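The data block below is target.txt; it holds compact mmCIF, C-alpha atoms.
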# COMPACT_ATOMS: atom_id res chain seq x y z
CA MET A 1 0.00 0.00 0.00
CA LEU A 2 1.45 3.38 -1.02
CA LEU A 3 1.54 6.23 1.46
CA PRO A 4 -0.49 9.35 0.60
CA ASP A 5 1.49 12.09 -1.09
CA TRP A 6 1.09 14.53 1.75
CA ALA A 7 3.45 17.50 1.80
CA VAL A 8 3.89 17.30 5.58
CA LEU A 9 4.65 13.59 5.47
CA ASN A 10 7.10 14.05 2.62
CA ALA A 11 8.82 16.84 4.52
CA ALA A 12 9.03 14.64 7.61
CA ILE A 13 10.55 11.77 5.64
CA GLU A 14 13.02 14.16 4.02
CA TRP A 15 13.98 15.55 7.41
CA LEU A 16 14.47 12.05 8.87
CA ALA A 17 16.65 11.12 5.92
CA HIS A 18 18.79 14.24 5.72
CA GLY A 19 18.02 16.67 8.54
CA MET A 20 18.03 20.42 8.07
CA TRP A 21 21.62 20.56 6.88
CA SER A 22 21.33 17.75 4.32
CA ILE A 23 25.09 17.06 4.23
CA ALA A 24 27.09 14.00 3.17
CA TRP A 25 27.91 11.20 5.63
CA TRP A 26 31.61 12.10 5.76
CA GLN A 27 30.71 15.68 6.64
CA ILE A 28 28.59 14.39 9.52
CA VAL A 29 31.57 12.32 10.71
CA LEU A 30 33.87 15.35 10.58
CA PHE A 31 31.29 17.45 12.43
CA THR A 32 30.97 14.80 15.14
CA LEU A 33 34.73 14.53 15.58
CA ALA A 34 35.01 18.32 15.81
CA MET A 35 32.27 18.43 18.46
CA THR A 36 33.86 15.68 20.56
CA HIS A 37 37.23 17.39 20.22
CA VAL A 38 35.81 20.62 21.65
CA THR A 39 34.35 18.56 24.49
CA MET A 40 37.74 17.01 25.29
CA ILE A 41 39.40 20.45 25.21
CA SER A 42 36.72 21.68 27.60
CA VAL A 43 37.39 18.78 29.96
CA THR A 44 41.17 19.12 29.97
CA VAL A 45 41.42 22.93 29.99
CA PHE A 46 38.45 23.87 32.16
CA LEU A 47 37.62 20.91 34.40
CA HIS A 48 41.09 19.44 34.78
CA ARG A 49 43.80 22.09 34.52
CA HIS A 50 41.75 25.12 35.57
CA GLN A 51 39.22 23.84 38.10
CA ALA A 52 40.81 20.75 39.66
CA HIS A 53 44.44 21.93 39.76
CA ARG A 54 44.32 25.74 39.37
CA ALA A 55 47.21 25.54 36.92
CA LEU A 56 45.81 28.49 34.97
CA ASP A 57 43.23 31.25 35.27
CA LEU A 58 40.56 31.68 32.62
CA HIS A 59 38.82 34.83 31.46
CA PRO A 60 35.09 34.76 32.41
CA ILE A 61 34.12 34.53 28.72
CA ALA A 62 36.28 31.42 28.17
CA SER A 63 35.26 29.91 31.50
CA HIS A 64 31.56 30.25 30.83
CA PHE A 65 31.85 28.93 27.29
CA PHE A 66 33.42 25.75 28.66
CA ARG A 67 30.76 25.45 31.39
CA PHE A 68 27.96 25.83 28.86
CA TRP A 69 29.54 23.42 26.39
CA LEU A 70 30.07 20.73 29.04
CA TRP A 71 26.46 21.16 30.19
CA LEU A 72 25.33 20.52 26.62
CA THR A 73 27.63 17.61 25.82
CA THR A 74 28.31 15.80 29.10
CA GLY A 75 25.88 16.93 31.81
CA GLN A 76 28.92 17.01 34.10
CA VAL A 77 28.66 19.08 37.28
CA THR A 78 31.93 20.98 37.76
CA LYS A 79 32.09 20.53 41.55
CA GLU A 80 31.61 16.78 41.25
CA TRP A 81 34.29 16.33 38.58
CA ALA A 82 36.85 18.51 40.37
CA SER A 83 36.16 16.89 43.76
CA ILE A 84 36.53 13.34 42.46
CA HIS A 85 39.70 14.17 40.55
CA ARG A 86 41.29 15.93 43.54
CA LYS A 87 40.47 12.92 45.70
CA HIS A 88 42.07 10.67 43.08
CA HIS A 89 45.33 12.59 43.47
CA ALA A 90 45.11 12.69 47.26
CA LYS A 91 44.36 8.96 47.58
CA CYS A 92 45.96 7.71 44.38
CA GLU A 93 45.91 3.90 44.11
CA GLN A 94 44.83 3.55 47.72
CA ALA A 95 41.57 1.98 48.85
CA GLU A 96 39.84 5.39 48.78
CA ASP A 97 40.86 6.20 45.20
CA PRO A 98 37.54 6.65 43.36
CA HIS A 99 38.68 4.93 40.16
CA SER A 100 42.00 3.11 40.46
CA PRO A 101 42.50 0.02 38.27
CA HIS A 102 44.78 -1.30 41.02
CA VAL A 103 41.83 -1.19 43.43
CA TYR A 104 38.83 -2.04 41.21
CA GLY A 105 40.60 -3.93 38.43
CA ILE A 106 41.46 -2.71 34.95
CA LYS A 107 38.31 -4.11 33.28
CA LYS A 108 35.94 -2.36 35.66
CA VAL A 109 37.64 1.03 35.26
CA LEU A 110 37.89 0.70 31.49
CA PHE A 111 34.29 -0.31 30.93
CA GLU A 112 32.52 1.08 34.02
CA GLY A 113 34.54 4.21 34.73
CA ALA A 114 31.52 6.49 34.35
CA GLU A 115 29.60 4.39 36.90
CA LEU A 116 32.45 4.78 39.38
CA TYR A 117 32.28 8.55 38.87
CA ARG A 118 28.53 8.62 39.47
CA ALA A 119 28.85 6.53 42.62
CA GLU A 120 31.55 8.81 44.06
CA SER A 121 29.58 11.96 43.16
CA LYS A 122 26.99 10.89 45.75
CA ASN A 123 29.64 10.87 48.50
CA LYS A 124 28.86 14.07 50.42
CA GLU A 125 32.14 13.89 52.35
CA THR A 126 34.10 13.93 49.08
CA MET A 127 32.13 16.94 47.82
CA ALA A 128 32.62 18.85 51.06
CA ARG A 129 36.32 18.10 51.44
CA PHE A 130 37.50 18.44 47.84
CA GLY A 131 34.91 20.69 46.18
CA HIS A 132 36.21 24.07 47.36
CA GLY A 133 36.66 26.89 44.87
CA THR A 134 34.36 25.51 42.17
CA PRO A 135 31.60 27.68 40.60
CA ASP A 136 28.73 28.54 42.94
CA ASP A 137 26.99 31.40 41.13
CA TRP A 138 23.29 31.72 40.26
CA ILE A 139 23.49 29.97 36.90
CA GLU A 140 25.47 27.08 38.39
CA ARG A 141 22.96 26.53 41.18
CA ASN A 142 19.81 27.08 39.13
CA LEU A 143 20.74 25.57 35.77
CA TYR A 144 24.01 23.67 35.38
CA THR A 145 23.75 21.74 38.66
CA ARG A 146 20.00 21.68 39.18
CA TYR A 147 19.22 20.62 35.61
CA SER A 148 22.48 18.91 34.74
CA TRP A 149 21.00 16.35 32.34
CA GLN A 150 18.64 18.72 30.57
CA GLY A 151 21.64 20.06 28.68
CA VAL A 152 22.35 16.75 26.98
CA GLY A 153 18.65 16.49 26.18
CA LEU A 154 18.86 19.84 24.42
CA MET A 155 21.94 18.57 22.55
CA MET A 156 19.94 15.56 21.34
CA ILE A 157 17.21 17.83 19.99
CA ILE A 158 19.82 19.96 18.19
CA ASP A 159 21.45 16.88 16.62
CA LEU A 160 18.09 15.51 15.49
CA PHE A 161 17.17 18.88 14.01
CA LEU A 162 20.44 19.17 12.08
CA PHE A 163 20.90 15.57 10.89
CA GLY A 164 17.53 13.83 11.13
CA ALA A 165 17.63 10.18 12.17
CA ALA A 166 21.45 10.18 11.88
CA GLY A 167 21.44 12.76 14.65
CA MET A 168 20.81 10.01 17.20
CA ALA A 169 24.08 8.34 16.22
CA VAL A 170 25.87 11.69 16.43
CA TRP A 171 24.39 12.32 19.87
CA ALA A 172 25.17 8.80 21.11
CA LEU A 173 28.83 9.20 20.15
CA GLN A 174 28.99 12.59 21.84
CA MET A 175 27.55 11.11 25.04
CA ALA A 176 29.91 8.11 24.99
CA TRP A 177 33.08 10.00 24.11
CA THR A 178 34.01 11.42 27.52
CA PRO A 179 33.01 8.34 29.60
CA ILE A 180 35.11 6.12 27.31
CA THR A 181 38.16 8.37 26.90
CA ALA A 182 38.34 10.18 30.25
CA ALA A 183 36.57 7.90 32.73
CA GLY A 184 37.76 4.71 31.06
CA ILE A 185 41.00 5.09 29.13
CA ILE A 186 42.69 7.81 31.19
CA ASN A 187 41.68 6.52 34.61
CA GLY A 188 42.25 2.91 33.58
CA ALA A 189 44.86 2.47 30.87
CA ALA A 190 46.96 5.46 31.98
CA HIS A 191 47.58 3.75 35.31
CA TYR A 192 48.24 0.39 33.73
CA TRP A 193 49.97 0.58 30.33
CA GLY A 194 52.43 2.96 28.71
CA TYR A 195 55.82 4.53 29.36
CA ARG A 196 57.10 6.58 32.28
CA ASN A 197 59.32 9.63 32.08
CA PHE A 198 59.47 10.02 35.83
CA GLU A 199 59.41 7.83 38.91
CA ALA A 200 56.22 9.36 40.32
CA ALA A 201 54.88 7.92 43.57
CA ASP A 202 52.07 6.09 41.76
CA GLN A 203 51.77 3.82 38.72
CA SER A 204 50.77 6.55 36.24
CA ARG A 205 51.81 6.05 32.61
CA ASN A 206 52.00 8.10 29.43
CA ILE A 207 49.78 6.29 26.93
CA SER A 208 51.22 8.15 23.95
CA PRO A 209 53.80 10.93 23.47
CA TRP A 210 51.33 12.72 21.19
CA GLY A 211 48.38 14.04 23.17
CA ILE A 212 45.84 14.78 20.44
CA ILE A 213 42.88 12.40 20.61
CA ILE A 214 42.39 12.91 24.36
CA ALA A 215 43.66 16.51 24.23
CA GLY A 216 46.97 15.92 26.01
CA GLU A 217 45.62 13.71 28.79
CA GLU A 218 47.55 10.85 27.19
CA LEU A 219 50.62 12.26 29.01
CA HIS A 220 49.39 11.03 32.38
CA ASN A 221 52.72 10.20 34.03
CA ASN A 222 53.89 13.73 33.31
CA HIS A 223 50.70 15.07 34.88
CA HIS A 224 51.01 13.00 38.06
CA THR A 225 54.61 14.11 38.39
CA TYR A 226 53.71 17.81 38.00
CA PRO A 227 49.96 17.95 38.80
CA THR A 228 49.74 21.75 39.06
CA SER A 229 51.33 22.35 35.65
CA ALA A 230 49.18 23.74 32.84
CA LYS A 231 51.46 22.01 30.33
CA LEU A 232 51.50 18.20 30.21
CA SER A 233 54.33 17.62 27.74
CA VAL A 234 57.93 17.69 28.98
CA LYS A 235 60.07 15.96 26.34
CA PRO A 236 60.96 17.52 22.97
CA TYR A 237 59.17 14.71 21.12
CA GLU A 238 55.94 15.03 23.16
CA PHE A 239 52.98 17.10 22.01
CA ASP A 240 50.13 18.35 24.17
CA ILE A 241 47.37 19.83 22.03
CA GLY A 242 45.62 21.11 25.14
CA TRP A 243 48.70 23.25 25.85
CA MET A 244 48.60 24.52 22.28
CA TYR A 245 45.06 25.82 22.84
CA ILE A 246 46.01 27.31 26.21
CA SER A 247 48.93 29.14 24.58
CA MET A 248 46.59 30.52 21.91
CA MET A 249 44.09 31.63 24.55
CA GLN A 250 46.85 33.25 26.59
CA ALA A 251 48.01 35.18 23.50
CA VAL A 252 44.59 36.84 23.19
CA GLY A 253 44.06 37.42 26.90
CA LEU A 254 41.61 34.57 27.58
CA ALA A 255 43.96 32.58 29.84
CA THR A 256 46.81 33.18 32.27
CA VAL A 257 49.19 30.30 32.93
CA LYS A 258 50.23 30.01 36.56
CA LYS A 259 52.65 27.09 36.44
CA THR A 260 54.53 24.85 34.01
CA PRO A 261 56.92 21.92 34.67
CA PRO A 262 60.13 23.00 36.41
CA LYS A 263 63.30 22.75 34.37
CA ALA A 264 66.71 22.13 35.90
CA ALA A 265 69.27 24.80 35.07
CA TYR A 266 73.00 24.18 34.80
CA GLY A 267 75.96 26.52 35.06
CA ASP A 268 79.57 26.23 36.15
CA ILE A 269 80.55 23.09 38.03
CA ARG A 270 80.94 23.85 41.74
CA PRO A 271 84.14 22.60 43.40
CA VAL A 272 82.00 20.53 45.77
CA ALA A 273 78.30 19.89 46.19
CA ASP A 274 76.77 22.35 48.65
CA GLU A 275 73.38 23.49 49.93
CA LYS A 276 72.58 25.11 46.58
CA THR A 277 73.26 21.79 44.89
CA LEU A 278 70.95 20.13 47.41
CA GLU A 279 68.27 22.74 46.72
CA ALA A 280 68.53 22.12 42.97
CA LEU A 281 68.35 18.35 43.51
CA ILE A 282 65.21 18.56 45.63
CA ALA A 283 63.46 21.14 43.41
CA ASN A 284 64.17 19.12 40.23
CA ARG A 285 64.35 15.63 41.71
CA TYR A 286 62.13 13.96 39.12
CA GLU A 287 64.04 15.35 36.17
CA ILE A 288 67.44 14.73 37.77
CA MET A 289 66.54 11.16 38.71
CA ALA A 290 65.27 10.58 35.16
CA THR A 291 68.70 11.73 33.95
CA TYR A 292 70.32 9.30 36.38
CA ALA A 293 68.12 6.47 35.10
CA LYS A 294 69.08 7.28 31.52
CA GLY A 295 72.77 7.15 32.42
CA VAL A 296 72.27 3.87 34.26
CA ARG A 297 70.58 2.29 31.27
CA GLN A 298 73.28 3.52 28.92
CA ALA A 299 76.11 2.22 31.08
CA ALA A 300 74.30 -1.02 31.78
CA ARG A 301 74.15 -2.07 28.13
CA ASP A 302 77.75 -3.28 28.20
CA GLU A 303 77.21 -4.87 31.58
CA PHE A 304 74.23 -6.82 30.33
CA GLU A 305 76.44 -8.58 27.79
CA SER A 306 78.89 -9.67 30.46
CA VAL A 307 76.08 -10.71 32.81
CA LYS A 308 74.49 -12.66 29.96
CA ALA A 309 77.76 -14.44 29.34
CA ARG A 310 77.92 -15.51 32.98
CA SER A 311 74.26 -16.44 33.31
CA ALA A 312 72.07 -18.46 30.97
CA ASP A 313 68.87 -17.24 32.66
CA ALA A 314 67.27 -14.76 30.26
CA ALA A 315 64.74 -13.76 32.95
CA VAL A 316 67.60 -12.28 35.01
CA ILE A 317 68.67 -10.03 32.15
CA LYS A 318 65.09 -9.02 31.39
CA ALA A 319 64.34 -8.14 35.00
CA ALA A 320 67.51 -6.08 35.31
CA LYS A 321 66.72 -4.08 32.18
CA ARG A 322 63.19 -3.34 33.30
CA TRP A 323 63.52 -2.75 37.02
CA MET A 324 67.03 -1.66 37.99
CA HIS A 325 66.22 2.06 37.62
CA ARG A 326 62.94 1.89 39.57
CA ASP A 327 62.34 2.69 43.22
CA GLU A 328 62.84 -0.37 45.40
CA GLU A 329 59.20 -0.49 46.52
CA LYS A 330 58.03 -0.38 42.88
CA VAL A 331 59.83 -3.64 41.97
CA PRO A 332 57.31 -6.53 41.95
CA ALA A 333 58.03 -9.38 44.33
CA ALA A 334 58.25 -11.77 41.36
CA ALA A 335 61.03 -9.71 39.75
CA ALA A 336 63.04 -9.04 42.90
CA PRO A 337 64.99 -12.37 42.88
CA GLN A 338 66.09 -11.91 39.25
CA LEU A 339 67.12 -8.32 39.93
CA ALA A 340 69.12 -9.48 42.95
CA GLN A 341 70.86 -12.08 40.79
CA ALA A 342 71.76 -9.46 38.19
CA ARG A 343 73.20 -7.18 40.88
CA ALA A 344 75.18 -10.04 42.36
CA ALA A 345 76.58 -10.87 38.92
CA SER A 346 77.65 -7.29 38.20
CA PRO A 347 79.33 -5.03 40.78
CA VAL A 348 78.76 -2.07 38.44
CA LEU A 349 75.00 -2.60 38.34
CA ASP A 350 74.91 -3.18 42.08
CA LYS A 351 76.81 0.04 42.73
CA MET A 352 74.53 2.07 40.49
CA VAL A 353 71.36 0.75 42.09
CA THR A 354 72.75 1.26 45.59
CA MET A 355 73.84 4.83 44.93
CA ARG A 356 70.56 5.64 43.25
CA GLU A 357 68.70 4.70 46.43
CA GLU A 358 71.16 6.71 48.54
CA LEU A 359 70.55 9.76 46.36
CA ARG A 360 66.79 9.34 46.64
CA GLN A 361 67.06 9.45 50.42
CA MET A 362 68.31 13.04 50.16
CA TRP A 363 64.73 14.34 49.95
CA LEU A 364 63.05 11.50 51.81
CA ASN A 365 65.04 11.99 55.04
CA THR A 366 62.97 14.91 56.35
CA HIS A 367 64.25 14.45 59.91
CA VAL A 368 67.85 15.24 58.85
CA SER A 369 69.04 18.86 58.92
CA ARG A 370 69.70 20.75 55.70
CA GLU A 371 73.35 21.15 56.64
CA GLN A 372 73.78 17.41 57.21
CA LEU A 373 72.03 16.58 53.94
CA ALA A 374 74.41 18.90 52.08
CA LYS A 375 77.35 17.06 53.66
CA ASP A 376 75.80 13.71 52.71
CA LEU A 377 75.36 14.91 49.13
CA GLN A 378 78.95 16.11 49.00
CA ALA A 379 80.13 12.68 50.19
CA TRP A 380 77.84 10.99 47.65
CA CYS A 381 79.32 12.99 44.78
CA HIS A 382 82.85 12.20 45.96
CA ARG A 383 82.13 8.46 46.04
CA ALA A 384 80.42 8.62 42.64
CA GLU A 385 83.39 10.33 41.04
CA GLU A 386 85.84 7.93 42.65
CA SER A 387 83.80 4.82 41.76
CA GLY A 388 85.56 4.22 38.47
CA ILE A 389 82.17 4.13 36.72
CA ALA A 390 82.07 6.73 33.96
CA ALA A 391 78.27 7.18 34.08
CA LEU A 392 78.37 7.94 37.81
CA ARG A 393 81.25 10.36 37.44
CA GLU A 394 79.55 12.26 34.60
CA PHE A 395 76.26 12.43 36.47
CA SER A 396 77.92 13.71 39.63
CA MET A 397 79.74 16.47 37.78
CA LYS A 398 76.53 17.52 36.07
CA LEU A 399 74.74 17.51 39.43
CA ARG A 400 77.39 19.84 40.87
CA ALA A 401 76.57 22.27 38.04
CA ALA A 402 72.83 22.30 38.77
CA HIS A 403 71.14 25.33 40.26
CA VAL A 404 67.58 26.56 40.82
Now that the file is in, can you turn its structure into structure tokens?
Amino acid sequence: MLLPDWAVLNAAIEWLAHGMWSIAWWQIVLFTLAMTHVTMISVTVFLHRHQAHRALDLHPIASHFFRFWLWLTTGQVTKEWASIHRKHHAKCEQAEDPHSPHVYGIKKVLFEGAELYRAESKNKETMARFGHGTPDDWIERNLYTRYSWQGVGLMMIIDLFLFGAAGMAVWALQMAWTPITAAGIINGAAHYWGYRNFEAADQSRNISPWGIIIAGEELHNNHHTYPTSAKLSVKPYEFDIGWMYISMMQAVGLATVKKTPPKAAYGDIRPVADEKTLEALIANRYEIMATYAKGVRQAARDEFESVKARSADAAVIKAAKRWMHRDEEKVPAAAAPQLAQARAASPVLDKMVTMREELRQMWLNTHVSREQLAKDLQAWCHRAEESGIAALREFSMKLRAAHV
């Protein structure tokens, strides 16, 4: 049976098929990707770097644009997001961490990260303790918080109006984007897989050196090392697209950066390590210890060959390569015996690991006076330079040139 040729019905069918814009499928895809990209920039710049960590200040125009956009595309309440994220840093990978894969398991955080967020948002103690300084104006109380999910409903209507039936797919992807990328991938994978530039106190990882898809949040180990930095990239080969947008906003007066990652400075080599050397070590400990780890790995390559020649156990070599530059408490119990065997087989490796731990104690021994620590550091540098190990000698001389 043929449908009547009614103008209204034909118009409705045309709208369902093409929407008001009547654009090609690939144009819809590009539009959707652009929309989700703006959402990720809003999350990383406004919610994360501005609200949760106060790494930058935003002009009211920029700040309210991000608030409005997040209301439309996520329904996220600023106070809830900032509170939960601050608690994550304060209780990272402990039992109270709202979304740690080491507490809940990697599968649960990857696939149910948004549910963990919603559960924690109902914790009044979390909101009271960690929610300070978030927006509390009239529009926040009476619209963005009170009617948090009406925004995403309005977004659905807009998508349906623009694209017809395809608008539901556009809207569904917009709604899934942040829960999958932020609540799932960042909170899950970034504490489970990837590389580490720095020996941060937790298990944070950099998923990729190019932070584009998730707006720079891929550089998670960098962020946990310097949580109050507005810039997440630290290496020359790393790219943080969120920082690119912040720099552009700062150029036109829409943002003011408050803090970026510290950078160790080097000058003339001091005759001996002193309190200024100690100050530089403590202020730039992550970067300096990363330099130490790089030197250890470089020097260890030759040692690995000699250890391999004396030991047929490949697991020993593998464990040494992976764990010898890590903090002692970060070495898994299963790898500890192999690492011990590698150290026993190579006095050079053993010396490097031992002196690394001694150097780390310089900022962990808070009960020791500054004067005594400076003397300890001076003695450490002397032993390093007299060790006969070129990597230790070069590192020590560079350390004596460091200043704040």
| message | Residues within 12 Å of A:Lys398, please, as an MDAnalysis selection string. Count only C-alpha atoms; anything in the same chain fewer than 3 positions from it doesn't count. | response | chainID A and resid 264:273 277 280:281 288 291:292 295 381 384:385 391:395 401:403
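The gap separating atom CA of A:Val170 from atom CA of A:Met20 is 14.4 Å, in Å to one decimal.
Among A:Val103, A:Lys124, A:Asp137, A:Ala114, the residue with the shortest atom-to-atom distance to A:His64, counting only C-alpha atoms, is A:Asp137.
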Subject >> Residues near A:Leu154, cut-off 12 Å, all atoms listed in the file, skip fewer than 6 positions along chain, as a list in words >> reply: Phe68, Trp69, Trp71, Leu72, Thr73, Thr74, Gly75, Tyr147, Ser148, Leu160, Phe161 and Trp171 of chain A
What's around A:Gln51 at 8 Å? Count all atoms listed in the file, leave out sequence neighbours fewer than 3 positions away in its own chain, and write the answer as a PyMOL selection string.
chain A and resi 46-48+54+78+82+133-134
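Using all atoms listed in the file, the contacts of stretch 372-378 of chain A at a cut-off of 10 Å, with sequence neighbours closer than 6 positions omitted, comprise Val272, Ala273, Asp274, Glu275, Lys276, Thr277, Leu278, Glu279, Leu281, Glu358, Leu359, Gln361, Met362, Trp363, Asn365, Thr366, Ala384, Ser396 and Arg400 of chain A.
Residues with any atom within 8 Å of stretch 322-334 of chain A, counting only C-alpha atoms and excluding same-chain neighbours fewer than 3 positions away, are Glu199, Ala293, Val296, Arg297, Lys318, Ala319, Pro337, Leu339, Val353, Arg356 and Glu357 of chain A.
We find atom CA of A:Lys79 and atom CA of A:Pro135 to be spaced 7.2 Å apart.
Interatomic distance, atom CA of A:Tyr286 against atom CA of A:His88: 20.7 Å.
Residue nearest A:Ala255 within the list A:Val368, A:Gln27, A:Leu58, A:His50: A:Leu58 [criterion: smallest interatomic distance, all atoms listed in the file].
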From the list A:Leu30, A:Met397, A:Val152, A:Ala190, the nearest residue to A:Met168 using only C-alpha atoms is A:Val152
Using the atoms already present, construct N, CA, C and O atoms for stretch 42-55 of chain A and hand them back as a CSV table (one decimal), keeping the file's coordinate frame.
chain,number,residue,atom,x,y,z
A,42,SER,N,37.4,21.1,26.5
A,42,SER,CA,36.7,21.7,27.6
A,42,SER,C,37.0,20.9,28.9
A,42,SER,O,37.2,21.5,29.9
A,43,VAL,N,37.1,19.6,28.8
A,43,VAL,CA,37.4,18.8,30.0
A,43,VAL,C,38.8,19.0,30.4
A,43,VAL,O,39.0,19.3,31.6
A,44,THR,N,39.8,19.0,29.5
A,44,THR,CA,41.2,19.1,30.0
A,44,THR,C,41.5,20.5,30.4
A,44,THR,O,42.2,20.7,31.4
A,45,VAL,N,41.1,21.6,29.7
A,45,VAL,CA,41.4,22.9,30.0
A,45,VAL,C,40.6,23.4,31.2
A,45,VAL,O,41.2,24.0,32.1
A,46,PHE,N,39.3,23.3,31.1
A,46,PHE,CA,38.4,23.9,32.2
A,46,PHE,C,38.4,23.0,33.4
A,46,PHE,O,38.8,23.4,34.5
A,47,LEU,N,37.8,21.8,33.2
A,47,LEU,CA,37.6,20.9,34.4
A,47,LEU,C,38.9,20.5,35.0
A,47,LEU,O,39.1,20.6,36.3
A,48,HIS,N,39.9,20.0,34.2
A,48,HIS,CA,41.1,19.4,34.8
A,48,HIS,C,42.1,20.5,35.2
A,48,HIS,O,42.5,20.6,36.4
A,49,ARG,N,42.7,21.2,34.2
A,49,ARG,CA,43.8,22.1,34.5
A,49,ARG,C,43.4,23.4,35.3
A,49,ARG,O,44.1,23.8,36.1
A,50,HIS,N,42.2,23.9,34.9
A,50,HIS,CA,41.8,25.1,35.6
A,50,HIS,C,41.0,24.9,36.9
A,50,HIS,O,41.4,25.4,37.9
A,51,GLN,N,40.0,24.0,36.9
A,51,GLN,CA,39.2,23.8,38.1
A,51,GLN,C,39.9,22.9,39.1
A,51,GLN,O,40.0,23.3,40.3
A,52,ALA,N,40.3,21.7,38.7
A,52,ALA,CA,40.8,20.8,39.7
A,52,ALA,C,42.2,21.1,40.2
A,52,ALA,O,42.4,21.0,41.4
A,53,HIS,N,43.1,21.7,39.3
A,53,HIS,CA,44.4,21.9,39.8
A,53,HIS,C,44.9,23.4,39.8
A,53,HIS,O,46.0,23.7,40.3
A,54,ARG,N,44.0,24.3,39.3
A,54,ARG,CA,44.3,25.7,39.4
A,54,ARG,C,45.7,26.0,38.7
A,54,ARG,O,46.4,26.9,39.1
A,55,ALA,N,46.0,25.3,37.6
A,55,ALA,CA,47.2,25.5,36.9
A,55,ALA,C,47.2,26.8,36.0
A,55,ALA,O,48.2,27.3,35.6
